[in-house]
Amino acid sequence: MRRPNPRPPTPSVGKQVARAGSKTSESADKPSKPRVVRTKSGAKKIVKKAPPRQAPQLFQLEALPGLGTFLEAEFLKMRIRPQIVDVPDADTFRVLYTGTPADLTRLRNAQSAFWVENFDVPRPKALMGQQHLDHLLGLVNKMRGLERFRSFRLSAAGADSPTFTRLKAELEDKLDIPYLEDKGELLLKVVPGPDGWEVQVRLTPKPLSARVWRVANMEGGLNATVAAAMVDLAGISEKDRIFNPMCGSGTLLIERRRLGKSAVLTGCDNDDYALECARQNVGAAGYTPDVTLFKGDATALELRDNSFDLVLVDLPWGDDIGTAADLERLYPVFLKEMARVCTRSARMVVLTHAVKLFEETLSNQFAWKFGSEHRVFHGGHHPRMYYLRR
């Protein structure tokens, strides 16, 4: 179901940004001068003025399908709160933001963030005019001031047309970086806008889900933005004793630790290669002292009863790992073992693609109660996140 817009979408968003910018651009360029005051004792004291507030800029924030509510909840908690001006779909937000663009690249639940610039031109061909081309180059160089981009690519309807072919050549010459059709790091989207055509420039060379701490990859590894949503769904408490069975390369452990310490944060896997990947990633994130990893079977753990308050788990589901028969045996035994090692008030967040099997297993046991369900679209599959309580 499409979510209603927080405010009626208007074709003047681009003009709204321009007007807001025109009021403050002059003052924003002027350095703030410190002033000298005298204290009660007569001593001189230099008081620095606060930096001028930046003009609002239009950005587009995108989440994986199904995770829009988690992204929205996250950016509305920011110190400088982005102002929503449009919601094209449930997982895409157009916001005015007065803070630095780098703030938006730290959103854990965002898949991508784009700087949006409107060009008042009737056709993309007009972007080749000197004034508009200089404007576009200035925008791209702003992005290059934030990140290092070694190549670029352009996404547009009719990207192979003579107009866009010429634009690519001009940009390649002026930017002095190569155009790579599929793997270019600096992504520019050219799309119809409210007052002409828009250019959307991604703020980062890779999607935001490609975390810098991921130095060791595993086939079918968990997307970090999905892991961030699972952590948010579970809720945060520094008193939690947290367990991540079948931890794989450690994504859930790292995403939880990013939000602060907990009483216990431990993971296990029965695969030596997975544990080594997890150790490398945890180390790259700087969390080695806070995370415990061990080799173990998640259905028969050598752990005491009532050891944990929270379980975060990405269950195998029969594509890369296990067959349907394996999962039919695994799921009920796993839920029973988690009930044993968890307290009576524990909670668990589960991600699985084997939706029908998991729900049938859940209905045939009494240790865990269903709390909520969130459908995600990721990697060509439709996994679901489940929030469970004892």
# chains A, B, ... in the order shown; residues from 1 in each chain; ligands from 1
$ residues_around --residues "region 275-288 of chain A" --least-positions-apart "6" --cutoff "12 Å" --atoms "only C-alpha atoms" --output "JSON, numbers by chain"
{"A": [211, 212, 213, 214, 215, 216, 217, 218, 219, 221, 244, 245, 246, 247, 248, 249, 250, 251, 252, 253, 254, 255, 256, 257, 258, 259, 260, 261, 265, 266, 267, 268, 269, 294, 295, 296]}
$ select_by_dssp --residues "region 54-136 of chain A" --states "helix (DSSP H, G or I)" --output "list of chain:residue names"
A:Gly68, A:Thr69, A:Phe70, A:Leu71, A:Glu72, A:Ala73, A:Glu74, A:Phe75, A:Pro101, A:Ala102, A:Asp103, A:Leu104, A:Pro124, A:Lys125, A:Ala126, A:Leu127, A:Met128, A:Gln130, A:Gln131, A:His132, A:Leu133, A:Asp134, A:His135, A:Leu136
$ residues_around --residues "Phe70 (chain A)" --least-positions-apart "3" --cutoff "9 Å" --atoms "only C-alpha atoms" --output "PyMOL selection string"
chain A and resi 63+66-67+73-75+109-110+228-229+232-233
$ residues_around --residues "region 154-171 of chain A" --least-positions-apart "6" --cutoff "7 Å" --atoms "only C-alpha atoms" --output "PyMOL selection string"
chain A and resi 125+128+187-191
$ write_last_selection --atoms "N, CA and C atoms" --output "short mmCIF file (atom, residue, chain, number, x, y, z; two decimals), in the first residue's frame"
data_model
loop_
_atom_site.label_atom_id
_atom_site.label_comp_id
_atom_site.auth_asym_id
_atom_site.auth_seq_id
_atom_site.Cartn_x
_atom_site.Cartn_y
_atom_site.Cartn_z
N LYS A 125 19.19 17.56 -24.00
CA LYS A 125 20.17 18.15 -24.90
C LYS A 125 20.64 19.51 -24.40
N MET A 128 23.86 20.38 -22.43
CA MET A 128 25.15 20.59 -23.10
C MET A 128 25.47 22.07 -23.24
N LEU A 187 27.88 7.79 -9.73
CA LEU A 187 26.62 7.49 -10.43
C LEU A 187 25.79 8.77 -10.60
N LEU A 188 25.47 9.09 -11.85
CA LEU A 188 24.60 10.23 -12.15
C LEU A 188 23.34 9.70 -12.83
N LYS A 189 22.19 10.06 -12.28
CA LYS A 189 20.92 9.71 -12.88
C LYS A 189 20.30 10.98 -13.48
N VAL A 190 19.86 10.89 -14.73
CA VAL A 190 19.17 12.01 -15.38
C VAL A 190 17.73 11.59 -15.61
N VAL A 191 16.80 12.28 -14.95
CA VAL A 191 15.39 11.90 -14.99
C VAL A 191 14.53 13.14 -15.15
#
$ atom_distance --atom1 "CA of Ala367 (chain A)" --atom2 "CA of Ala325 (chain A)"
22.5 Å
$ residues_around --residues "Phe377 (chain A)" --least-positions-apart "6" --cutoff "7 Å" --atoms "only C-alpha atoms" --output "list in words"
Leu64, Pro65, Gly66 and Pro383 of chain A
$ write_last_selection --atoms "C-alpha atoms" --output "PDB file, in the first residue's frame"
ATOM      1  CA  LEU A  64      15.723  -1.622   0.226  1.00  0.00           C
ATOM      2  CA  PRO A  65      12.082  -2.472  -0.540  1.00  0.00           C
ATOM      3  CA  GLY A  66      10.324  -3.146   2.751  1.00  0.00           C
ATOM      4  CA  PRO A 383      12.745 -12.877   2.975  1.00  0.00           C
TER       5      PRO A 383
END
